[in-house]
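So this one's start.cif, mmCIF, N, CA and C atoms:
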```cif
data_model
#
loop_
_atom_site.label_atom_id
_atom_site.label_comp_id
_atom_site.auth_asym_id
_atom_site.auth_seq_id
_atom_site.Cartn_x
_atom_site.Cartn_y
_atom_site.Cartn_z
N MET A 10 77.98 148.44 106.87
CA MET A 10 77.54 147.06 106.92
C MET A 10 76.16 146.98 106.28
N HIS A 11 75.93 145.93 105.56
CA HIS A 11 74.62 145.72 104.95
C HIS A 11 73.87 144.64 105.72
N GLY A 12 72.59 144.84 105.83
CA GLY A 12 71.74 143.89 106.54
C GLY A 12 70.29 144.20 106.26
N VAL A 13 69.48 144.04 107.28
CA VAL A 13 68.04 144.29 107.14
C VAL A 13 67.55 145.07 108.36
N TYR A 14 66.46 145.79 108.15
CA TYR A 14 65.73 146.39 109.26
C TYR A 14 64.49 145.54 109.42
N LEU A 15 64.40 144.87 110.54
CA LEU A 15 63.30 143.97 110.83
C LEU A 15 62.39 144.67 111.84
N LYS A 16 61.15 144.91 111.44
CA LYS A 16 60.24 145.56 112.38
C LYS A 16 58.95 144.77 112.50
N PHE A 17 58.44 144.78 113.71
CA PHE A 17 57.22 144.06 114.07
C PHE A 17 56.20 145.08 114.56
N TYR A 18 54.93 144.77 114.35
CA TYR A 18 53.85 145.63 114.83
C TYR A 18 52.97 144.81 115.77
N VAL A 19 52.81 145.32 116.99
CA VAL A 19 51.97 144.65 117.99
C VAL A 19 51.10 145.70 118.67
N GLN A 20 50.04 145.25 119.30
CA GLN A 20 49.20 146.16 120.08
C GLN A 20 49.87 146.40 121.42
N GLU A 21 49.70 147.59 121.93
CA GLU A 21 50.38 148.04 123.14
C GLU A 21 50.25 147.07 124.32
N ARG A 22 49.07 146.54 124.55
CA ARG A 22 48.86 145.67 125.72
C ARG A 22 48.81 144.18 125.39
N ARG A 23 49.13 143.83 124.15
CA ARG A 23 49.14 142.41 123.79
C ARG A 23 50.22 141.69 124.60
N ARG A 24 49.89 140.50 125.05
CA ARG A 24 50.84 139.71 125.84
C ARG A 24 51.21 138.43 125.11
N LEU A 25 52.46 138.05 125.27
CA LEU A 25 52.98 136.78 124.76
C LEU A 25 53.66 136.07 125.91
N HIS A 26 53.23 134.89 126.20
CA HIS A 26 53.82 134.09 127.28
C HIS A 26 53.92 134.89 128.58
N GLY A 27 52.87 135.68 128.87
CA GLY A 27 52.77 136.36 130.15
C GLY A 27 53.39 137.74 130.24
N ILE A 28 54.09 138.20 129.21
CA ILE A 28 54.67 139.55 129.24
C ILE A 28 54.20 140.34 128.02
N LEU A 29 54.35 141.65 128.09
CA LEU A 29 53.95 142.49 126.96
C LEU A 29 54.69 142.06 125.70
N ALA A 30 53.99 142.06 124.57
CA ALA A 30 54.55 141.53 123.32
C ALA A 30 55.83 142.25 122.91
N TYR A 31 55.86 143.58 123.04
CA TYR A 31 57.08 144.29 122.65
C TYR A 31 58.25 143.93 123.56
N GLU A 32 57.98 143.71 124.85
CA GLU A 32 59.03 143.27 125.77
C GLU A 32 59.50 141.86 125.41
N TRP A 33 58.56 141.00 125.05
CA TRP A 33 58.90 139.63 124.67
C TRP A 33 59.82 139.63 123.45
N LEU A 34 59.49 140.45 122.45
CA LEU A 34 60.33 140.53 121.24
C LEU A 34 61.72 141.05 121.58
N LEU A 35 61.80 142.12 122.36
CA LEU A 35 63.11 142.68 122.74
C LEU A 35 63.92 141.67 123.54
N GLU A 36 63.29 141.00 124.49
CA GLU A 36 64.00 140.04 125.34
C GLU A 36 64.50 138.85 124.53
N ASN A 37 63.69 138.33 123.63
CA ASN A 37 64.13 137.19 122.82
C ASN A 37 65.24 137.58 121.87
N ALA A 38 65.18 138.78 121.32
CA ALA A 38 66.28 139.26 120.46
C ALA A 38 67.57 139.37 121.27
N ARG A 39 67.48 139.92 122.48
CA ARG A 39 68.66 140.04 123.34
C ARG A 39 69.26 138.67 123.65
N LYS A 40 68.40 137.69 123.96
CA LYS A 40 68.88 136.34 124.26
C LYS A 40 69.57 135.70 123.07
N LEU A 41 69.20 136.12 121.85
CA LEU A 41 69.83 135.60 120.64
C LEU A 41 71.12 136.33 120.30
N GLY A 42 71.49 137.33 121.10
CA GLY A 42 72.73 138.06 120.87
C GLY A 42 72.59 139.25 119.94
N ILE A 43 71.37 139.65 119.63
CA ILE A 43 71.16 140.83 118.79
C ILE A 43 71.51 142.06 119.63
N HIS A 44 72.33 142.95 119.05
CA HIS A 44 72.96 144.04 119.79
C HIS A 44 72.02 145.13 120.27
N GLY A 45 70.88 145.31 119.65
CA GLY A 45 69.98 146.37 120.10
C GLY A 45 68.66 146.34 119.36
N GLY A 46 67.67 146.89 119.99
CA GLY A 46 66.35 147.01 119.39
C GLY A 46 65.59 148.10 120.11
N SER A 47 64.54 148.58 119.50
CA SER A 47 63.75 149.67 120.09
C SER A 47 62.27 149.43 119.86
N ALA A 48 61.48 149.92 120.80
CA ALA A 48 60.02 149.88 120.67
C ALA A 48 59.51 151.31 120.62
N PHE A 49 58.65 151.59 119.64
CA PHE A 49 58.10 152.92 119.44
C PHE A 49 56.58 152.85 119.48
N GLN A 50 55.97 153.70 120.28
CA GLN A 50 54.51 153.75 120.35
C GLN A 50 53.98 154.72 119.30
N ALA A 51 52.99 154.30 118.59
CA ALA A 51 52.35 155.15 117.59
C ALA A 51 51.35 156.09 118.26
N ILE A 52 51.04 157.19 117.57
CA ILE A 52 49.98 158.06 118.07
C ILE A 52 48.64 157.70 117.45
N ALA A 53 48.69 156.95 116.33
CA ALA A 53 47.47 156.46 115.69
C ALA A 53 47.85 155.37 114.70
N GLY A 54 46.89 154.52 114.37
CA GLY A 54 47.13 153.48 113.38
C GLY A 54 45.94 152.55 113.24
N TYR A 55 45.98 151.75 112.17
CA TYR A 55 44.96 150.71 111.99
C TYR A 55 45.63 149.50 111.37
N GLY A 56 45.00 148.36 111.54
CA GLY A 56 45.55 147.11 111.03
C GLY A 56 44.58 146.43 110.09
N ARG A 57 44.70 145.09 110.04
CA ARG A 57 43.89 144.29 109.12
C ARG A 57 42.40 144.49 109.29
N ASN A 58 41.97 144.75 110.51
CA ASN A 58 40.53 144.89 110.76
C ASN A 58 39.99 146.26 110.37
N GLY A 59 40.86 147.21 110.02
CA GLY A 59 40.43 148.52 109.57
C GLY A 59 39.99 149.48 110.66
N VAL A 60 40.07 149.06 111.92
CA VAL A 60 39.66 149.91 113.03
C VAL A 60 40.79 150.89 113.36
N LEU A 61 40.47 152.18 113.39
CA LEU A 61 41.45 153.21 113.71
C LEU A 61 41.62 153.30 115.22
N HIS A 62 42.85 153.20 115.67
CA HIS A 62 43.19 153.36 117.09
C HIS A 62 44.01 154.64 117.18
N GLU A 63 43.60 155.52 118.08
CA GLU A 63 44.37 156.75 118.24
C GLU A 63 44.44 157.14 119.69
N GLN A 64 45.53 157.84 120.02
CA GLN A 64 45.75 158.27 121.39
C GLN A 64 44.78 159.39 121.73
N GLN A 65 44.17 159.27 122.88
CA GLN A 65 43.27 160.31 123.36
C GLN A 65 43.66 160.63 124.79
N PHE A 66 43.15 161.73 125.28
CA PHE A 66 43.51 162.19 126.62
C PHE A 66 43.30 161.11 127.67
N LEU A 67 42.20 160.42 127.59
CA LEU A 67 41.89 159.39 128.58
C LEU A 67 41.98 158.00 127.96
N GLU A 68 43.05 157.75 127.23
CA GLU A 68 43.24 156.45 126.56
C GLU A 68 43.40 155.36 127.62
N LEU A 69 42.41 154.52 127.74
CA LEU A 69 42.46 153.44 128.71
C LEU A 69 42.54 152.07 128.04
N ALA A 70 42.23 152.02 126.77
CA ALA A 70 42.16 150.72 126.09
C ALA A 70 43.52 150.09 125.91
N GLY A 71 44.58 150.89 125.73
CA GLY A 71 45.91 150.33 125.55
C GLY A 71 46.06 149.58 124.25
N ASP A 72 45.34 150.00 123.22
CA ASP A 72 45.40 149.25 121.97
C ASP A 72 46.13 150.00 120.87
N LEU A 73 46.99 150.95 121.23
CA LEU A 73 47.77 151.66 120.22
C LEU A 73 48.84 150.73 119.64
N PRO A 74 49.18 150.92 118.38
CA PRO A 74 50.23 150.10 117.77
C PRO A 74 51.60 150.43 118.37
N VAL A 75 52.42 149.41 118.51
CA VAL A 75 53.81 149.56 118.91
C VAL A 75 54.66 148.91 117.83
N GLU A 76 55.67 149.65 117.35
CA GLU A 76 56.62 149.11 116.38
C GLU A 76 57.88 148.73 117.12
N VAL A 77 58.33 147.50 116.92
CA VAL A 77 59.57 147.02 117.53
C VAL A 77 60.54 146.76 116.40
N GLY A 78 61.69 147.45 116.42
CA GLY A 78 62.60 147.37 115.28
C GLY A 78 64.02 146.99 115.64
N PHE A 79 64.68 146.34 114.67
CA PHE A 79 66.05 145.87 114.83
C PHE A 79 66.82 146.07 113.52
N ALA A 80 68.00 146.70 113.57
CA ALA A 80 68.91 146.75 112.43
C ALA A 80 69.89 145.60 112.64
N VAL A 81 69.80 144.57 111.79
CA VAL A 81 70.51 143.31 112.02
C VAL A 81 71.06 142.74 110.72
N THR A 82 71.88 141.72 110.86
CA THR A 82 72.34 140.98 109.69
C THR A 82 71.20 140.07 109.22
N ASP A 83 71.32 139.57 108.01
CA ASP A 83 70.32 138.62 107.51
C ASP A 83 70.23 137.40 108.42
N GLU A 84 71.39 136.93 108.89
CA GLU A 84 71.41 135.74 109.75
C GLU A 84 70.70 136.00 111.07
N GLU A 85 70.93 137.18 111.66
CA GLU A 85 70.25 137.51 112.92
C GLU A 85 68.74 137.60 112.72
N ALA A 86 68.33 138.20 111.61
CA ALA A 86 66.89 138.29 111.31
C ALA A 86 66.29 136.90 111.17
N ASP A 87 66.99 136.02 110.46
CA ASP A 87 66.50 134.65 110.29
C ASP A 87 66.36 133.94 111.63
N ARG A 88 67.35 134.12 112.52
CA ARG A 88 67.30 133.47 113.84
C ARG A 88 66.12 133.99 114.67
N LEU A 89 65.90 135.30 114.64
CA LEU A 89 64.79 135.86 115.41
C LEU A 89 63.45 135.39 114.86
N LEU A 90 63.30 135.41 113.55
CA LEU A 90 62.05 134.93 112.95
C LEU A 90 61.82 133.45 113.25
N GLN A 91 62.88 132.66 113.25
CA GLN A 91 62.74 131.24 113.58
C GLN A 91 62.32 131.05 115.03
N ARG A 92 62.90 131.85 115.95
CA ARG A 92 62.51 131.77 117.36
C ARG A 92 61.02 132.07 117.51
N ILE A 93 60.55 133.08 116.80
CA ILE A 93 59.13 133.45 116.87
C ILE A 93 58.26 132.32 116.34
N ARG A 94 58.67 131.71 115.22
CA ARG A 94 57.92 130.57 114.67
C ARG A 94 57.93 129.39 115.64
N ASP A 95 59.09 129.12 116.24
CA ASP A 95 59.21 128.00 117.19
C ASP A 95 58.27 128.19 118.38
N GLU A 96 58.05 129.44 118.78
CA GLU A 96 57.15 129.73 119.90
C GLU A 96 55.69 129.81 119.47
N LYS A 97 55.44 129.57 118.17
CA LYS A 97 54.09 129.58 117.60
C LYS A 97 53.38 130.93 117.82
N VAL A 98 54.16 132.00 117.66
CA VAL A 98 53.65 133.36 117.81
C VAL A 98 53.30 133.91 116.43
N SER A 99 52.13 134.52 116.32
CA SER A 99 51.70 135.16 115.08
C SER A 99 51.86 136.67 115.25
N VAL A 100 52.72 137.27 114.43
CA VAL A 100 52.96 138.71 114.52
C VAL A 100 53.31 139.24 113.13
N PHE A 101 52.77 140.40 112.78
CA PHE A 101 53.06 141.01 111.48
C PHE A 101 54.46 141.62 111.52
N TYR A 102 55.23 141.43 110.44
CA TYR A 102 56.57 142.01 110.38
C TYR A 102 56.87 142.53 108.98
N VAL A 103 57.87 143.41 108.92
CA VAL A 103 58.39 143.95 107.66
C VAL A 103 59.90 143.76 107.70
N ARG A 104 60.47 143.31 106.59
CA ARG A 104 61.91 143.09 106.48
C ARG A 104 62.41 143.90 105.30
N LEU A 105 63.27 144.90 105.58
CA LEU A 105 63.76 145.81 104.56
C LEU A 105 65.28 145.77 104.47
N PRO A 106 65.85 145.78 103.25
CA PRO A 106 67.31 145.85 103.13
C PRO A 106 67.81 147.23 103.56
N VAL A 107 68.90 147.27 104.34
CA VAL A 107 69.45 148.53 104.82
C VAL A 107 70.98 148.49 104.85
N GLU A 108 71.55 149.67 104.91
CA GLU A 108 72.97 149.83 105.21
C GLU A 108 73.03 150.54 106.56
N PHE A 109 73.86 150.04 107.48
CA PHE A 109 73.96 150.67 108.79
C PHE A 109 75.39 150.64 109.28
N GLY A 110 75.68 151.50 110.22
CA GLY A 110 77.02 151.60 110.79
C GLY A 110 77.05 152.67 111.86
N VAL A 111 78.26 153.07 112.22
CA VAL A 111 78.48 154.09 113.24
C VAL A 111 79.35 155.17 112.63
N THR A 112 78.99 156.43 112.83
CA THR A 112 79.80 157.53 112.31
C THR A 112 80.96 157.82 113.24
N GLY A 113 81.95 158.55 112.75
CA GLY A 113 83.08 158.97 113.58
C GLY A 113 84.06 157.85 113.82
N ASP A 114 84.71 157.90 114.98
CA ASP A 114 85.78 156.96 115.30
C ASP A 114 85.31 155.73 116.05
N GLY A 115 84.00 155.57 116.18
CA GLY A 115 83.46 154.44 116.92
C GLY A 115 83.60 153.14 116.16
N PRO A 116 83.20 152.05 116.78
CA PRO A 116 83.23 150.74 116.10
C PRO A 116 82.32 150.75 114.87
N GLN A 117 82.60 149.90 113.93
CA GLN A 117 81.84 149.88 112.68
C GLN A 117 80.64 148.96 112.72
N SER A 118 80.36 148.36 113.85
CA SER A 118 79.15 147.55 113.97
C SER A 118 78.26 148.18 115.03
N PRO A 119 76.96 147.93 114.97
CA PRO A 119 76.06 148.54 115.95
C PRO A 119 76.36 148.06 117.35
N SER A 120 76.13 148.92 118.33
CA SER A 120 76.37 148.51 119.72
C SER A 120 75.11 148.55 120.53
#
```
Spell out the structure here as structure tokens.
Amino acid sequence: MHGVYLKFYVQERRRLHGILAYEWLLENARKLGIHGGSAFQAIAGYGRNGVLHEQQFLELAGDLPVEVGFAVTDEEADRLLQRIRDEKVSVFYVRLPVEFGVTGDGPQSPS
């Protein structure tokens, strides 16, 4: 199946509408019927401001980058991006063309 990999970058402790941003993105995608998504914590990164954030033994700031990703159809990506716009949320994203599926005898769409 052809579609897109839609990924968002948020700070670990950023909140949207009272919950952590990565949880908000996952929950809204689920409500839209998107079959799956994942959140990955970075060990280091920097954004527009150029400040390097990295994990340390006593990391208390909670400002590490989190990537939230979805392998979806173009239509699903459009719906999720529209939901984010409707909620007036500002978040950096990347949209890449991909081919995805399931190996073996399983279903041919993501589960």
So that each row is one residue of segment 16-82 of chain A with an atom at most 6 Å from segment 97-116 of chain A, can you give its shortest atom pair and the distance in Å to one decimal, using only C-alpha atoms, rows by chain and rising number, as JSON lines?
```
{"residue": "A:Lys16", "atom": "CA", "partner": "A:Val103", "partner_atom": "CA", "distance": 5.3}
{"residue": "A:Phe17", "atom": "CA", "partner": "A:Tyr102", "partner_atom": "CA", "distance": 4.3}
{"residue": "A:Tyr18", "atom": "CA", "partner": "A:Phe101", "partner_atom": "CA", "distance": 5.8}
```
task: Select, from A:Leu90, A:Leu34, A:Asp95, A:Thr82, the residue with the minimum atom-to-atom distance to Met10 of chain A, counting all atoms listed in the file.
output: A:Thr82
- request: Apply the PyMOL selection byres ((chain A and resi 20) around 7) to the displayed file and report the matching residues as a PyMOL selection string.
  value: chain A and resi 18-19+21-24+30-31+71-75
- request: Taking the chain letters and numbering used in this document, name the residues of segment 24-112 of chain A that DSSP puts in strand (DSSP E or B), as a VMD selection string.
  value: chain A and resid 24 to 25 28 to 29 47 to 50 53 to 55 61 to 63 74 to 81 101 to 108
Could those selected residues go to a file with N, CA and C atoms, as a tab-separated table (two decimals), keeping the file's coordinate frame?
```tsv
chain	number	residue	atom	x	y	z
A	24	ARG	N	49.89	140.50	125.05
A	24	ARG	CA	50.84	139.71	125.84
A	24	ARG	C	51.21	138.43	125.11
A	25	LEU	N	52.46	138.05	125.27
A	25	LEU	CA	52.98	136.78	124.76
A	25	LEU	C	53.66	136.07	125.91
A	28	ILE	N	54.09	138.20	129.21
A	28	ILE	CA	54.67	139.55	129.24
A	28	ILE	C	54.20	140.34	128.02
A	29	LEU	N	54.35	141.65	128.09
A	29	LEU	CA	53.95	142.49	126.96
A	29	LEU	C	54.69	142.06	125.70
A	47	SER	N	64.54	148.58	119.50
A	47	SER	CA	63.75	149.67	120.09
A	47	SER	C	62.27	149.43	119.86
A	48	ALA	N	61.48	149.92	120.80
A	48	ALA	CA	60.02	149.88	120.67
A	48	ALA	C	59.51	151.31	120.62
A	49	PHE	N	58.65	151.59	119.64
A	49	PHE	CA	58.10	152.92	119.44
A	49	PHE	C	56.58	152.85	119.48
A	50	GLN	N	55.97	153.70	120.28
A	50	GLN	CA	54.51	153.75	120.35
A	50	GLN	C	53.98	154.72	119.30
A	53	ALA	N	48.69	156.95	116.33
A	53	ALA	CA	47.47	156.46	115.69
A	53	ALA	C	47.85	155.37	114.70
A	54	GLY	N	46.89	154.52	114.37
A	54	GLY	CA	47.13	153.48	113.38
A	54	GLY	C	45.94	152.55	113.24
A	55	TYR	N	45.98	151.75	112.17
A	55	TYR	CA	44.96	150.71	111.99
A	55	TYR	C	45.63	149.50	111.37
A	61	LEU	N	40.47	152.18	113.39
A	61	LEU	CA	41.45	153.21	113.71
A	61	LEU	C	41.62	153.30	115.22
A	62	HIS	N	42.85	153.20	115.67
A	62	HIS	CA	43.19	153.36	117.09
A	62	HIS	C	44.01	154.64	117.18
A	63	GLU	N	43.60	155.52	118.08
A	63	GLU	CA	44.37	156.75	118.24
A	63	GLU	C	44.44	157.14	119.69
A	74	PRO	N	49.18	150.92	118.38
A	74	PRO	CA	50.23	150.10	117.77
A	74	PRO	C	51.60	150.43	118.37
A	75	VAL	N	52.42	149.41	118.51
A	75	VAL	CA	53.81	149.56	118.91
A	75	VAL	C	54.66	148.91	117.83
A	76	GLU	N	55.67	149.65	117.35
A	76	GLU	CA	56.62	149.11	116.38
A	76	GLU	C	57.88	148.73	117.12
A	77	VAL	N	58.33	147.50	116.92
A	77	VAL	CA	59.57	147.02	117.53
A	77	VAL	C	60.54	146.76	116.40
A	78	GLY	N	61.69	147.45	116.42
A	78	GLY	CA	62.60	147.37	115.28
A	78	GLY	C	64.02	146.99	115.64
A	79	PHE	N	64.68	146.34	114.67
A	79	PHE	CA	66.05	145.87	114.83
A	79	PHE	C	66.82	146.07	113.52
A	80	ALA	N	68.00	146.70	113.57
A	80	ALA	CA	68.91	146.75	112.43
A	80	ALA	C	69.89	145.60	112.64
A	81	VAL	N	69.80	144.57	111.79
A	81	VAL	CA	70.51	143.31	112.02
A	81	VAL	C	71.06	142.74	110.72
A	101	PHE	N	52.77	140.40	112.78
A	101	PHE	CA	53.06	141.01	111.48
A	101	PHE	C	54.46	141.62	111.52
A	102	TYR	N	55.23	141.43	110.44
A	102	TYR	CA	56.57	142.01	110.38
A	102	TYR	C	56.87	142.53	108.98
A	103	VAL	N	57.87	143.41	108.92
A	103	VAL	CA	58.39	143.95	107.66
A	103	VAL	C	59.90	143.76	107.70
A	104	ARG	N	60.47	143.31	106.59
A	104	ARG	CA	61.91	143.09	106.48
A	104	ARG	C	62.41	143.90	105.30
A	105	LEU	N	63.27	144.90	105.58
A	105	LEU	CA	63.76	145.81	104.56
A	105	LEU	C	65.28	145.77	104.47
A	106	PRO	N	65.85	145.78	103.25
A	106	PRO	CA	67.31	145.85	103.13
A	106	PRO	C	67.81	147.23	103.56
A	107	VAL	N	68.90	147.27	104.34
A	107	VAL	CA	69.45	148.53	104.82
A	107	VAL	C	70.98	148.49	104.85
A	108	GLU	N	71.55	149.67	104.91
A	108	GLU	CA	72.97	149.83	105.21
A	108	GLU	C	73.03	150.54	106.56
```
Distance of atom C of Glu36 of chain A from atom CA of Tyr55 of chain A, expressed in Å to one decimal place: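 Computed distance, atom CA of Tyr55 of chain A to atom C of Glu36 of chain A, equals 26.1 Å.
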I need the residue set behind the PyMOL selection byres ((chain A and resi 41-47) around 6) for this file; please write it as an mmCIF file with N, CA and C atoms, in the coordinates of the input.
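Generated output (out.cif):
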```
data_model
loop_
_atom_site.group_PDB
_atom_site.id
_atom_site.type_symbol
_atom_site.label_atom_id
_atom_site.label_comp_id
_atom_site.auth_asym_id
_atom_site.auth_seq_id
_atom_site.Cartn_x
_atom_site.Cartn_y
_atom_site.Cartn_z
ATOM 1 N N ASN A 37 63.690 138.330 123.630
ATOM 2 C CA ASN A 37 64.130 137.190 122.820
ATOM 3 C C ASN A 37 65.240 137.580 121.870
ATOM 4 N N ALA A 38 65.180 138.780 121.320
ATOM 5 C CA ALA A 38 66.280 139.260 120.460
ATOM 6 C C ALA A 38 67.570 139.370 121.270
ATOM 7 N N ARG A 39 67.480 139.920 122.480
ATOM 8 C CA ARG A 39 68.660 140.040 123.340
ATOM 9 C C ARG A 39 69.260 138.670 123.650
ATOM 10 N N LYS A 40 68.400 137.690 123.960
ATOM 11 C CA LYS A 40 68.880 136.340 124.260
ATOM 12 C C LYS A 40 69.570 135.700 123.070
ATOM 13 N N ALA A 48 61.480 149.920 120.800
ATOM 14 C CA ALA A 48 60.020 149.880 120.670
ATOM 15 C C ALA A 48 59.510 151.310 120.620
ATOM 16 N N PHE A 49 58.650 151.590 119.640
ATOM 17 C CA PHE A 49 58.100 152.920 119.440
ATOM 18 C C PHE A 49 56.580 152.850 119.480
ATOM 19 N N GLU A 76 55.670 149.650 117.350
ATOM 20 C CA GLU A 76 56.620 149.110 116.380
ATOM 21 C C GLU A 76 57.880 148.730 117.120
ATOM 22 N N VAL A 77 58.330 147.500 116.920
ATOM 23 C CA VAL A 77 59.570 147.020 117.530
ATOM 24 C C VAL A 77 60.540 146.760 116.400
ATOM 25 N N GLY A 78 61.690 147.450 116.420
ATOM 26 C CA GLY A 78 62.600 147.370 115.280
ATOM 27 C C GLY A 78 64.020 146.990 115.640
ATOM 28 N N PHE A 79 64.680 146.340 114.670
ATOM 29 C CA PHE A 79 66.050 145.870 114.830
ATOM 30 C C PHE A 79 66.820 146.070 113.520
ATOM 31 N N ALA A 80 68.000 146.700 113.570
ATOM 32 C CA ALA A 80 68.910 146.750 112.430
ATOM 33 C C ALA A 80 69.890 145.600 112.640
ATOM 34 N N PRO A 119 76.960 147.930 114.970
ATOM 35 C CA PRO A 119 76.060 148.540 115.950
ATOM 36 C C PRO A 119 76.360 148.060 117.350
ATOM 37 N N SER A 120 76.130 148.920 118.330
ATOM 38 C CA SER A 120 76.370 148.510 119.720
ATOM 39 C C SER A 120 75.110 148.550 120.530
#
```
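Across the model, the gap from atom CA of Glu32 of chain A to atom CA of Ala86 of chain A is 17.2 Å.
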- prompt: What is the distance between atom CA of Val13 of chain A and atom CA of Arg94 of chain A, in Å to one decimal?
  reply: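 The value is 18.6 Å.
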message: I'd like to know which residues of segment 10-118 of chain A are alpha helix (DSSP H) (by DSSP, run on the backbone); could you write them as a list in words?
response: Ala30, Tyr31, Glu32, Trp33, Leu34, Leu35, Glu36, Asn37, Ala38, Arg39, Lys40, Asp83, Glu84, Glu85, Ala86, Asp87, Arg88, Leu89, Leu90, Gln91, Arg92, Ile93, Arg94 and Asp95 of chain A
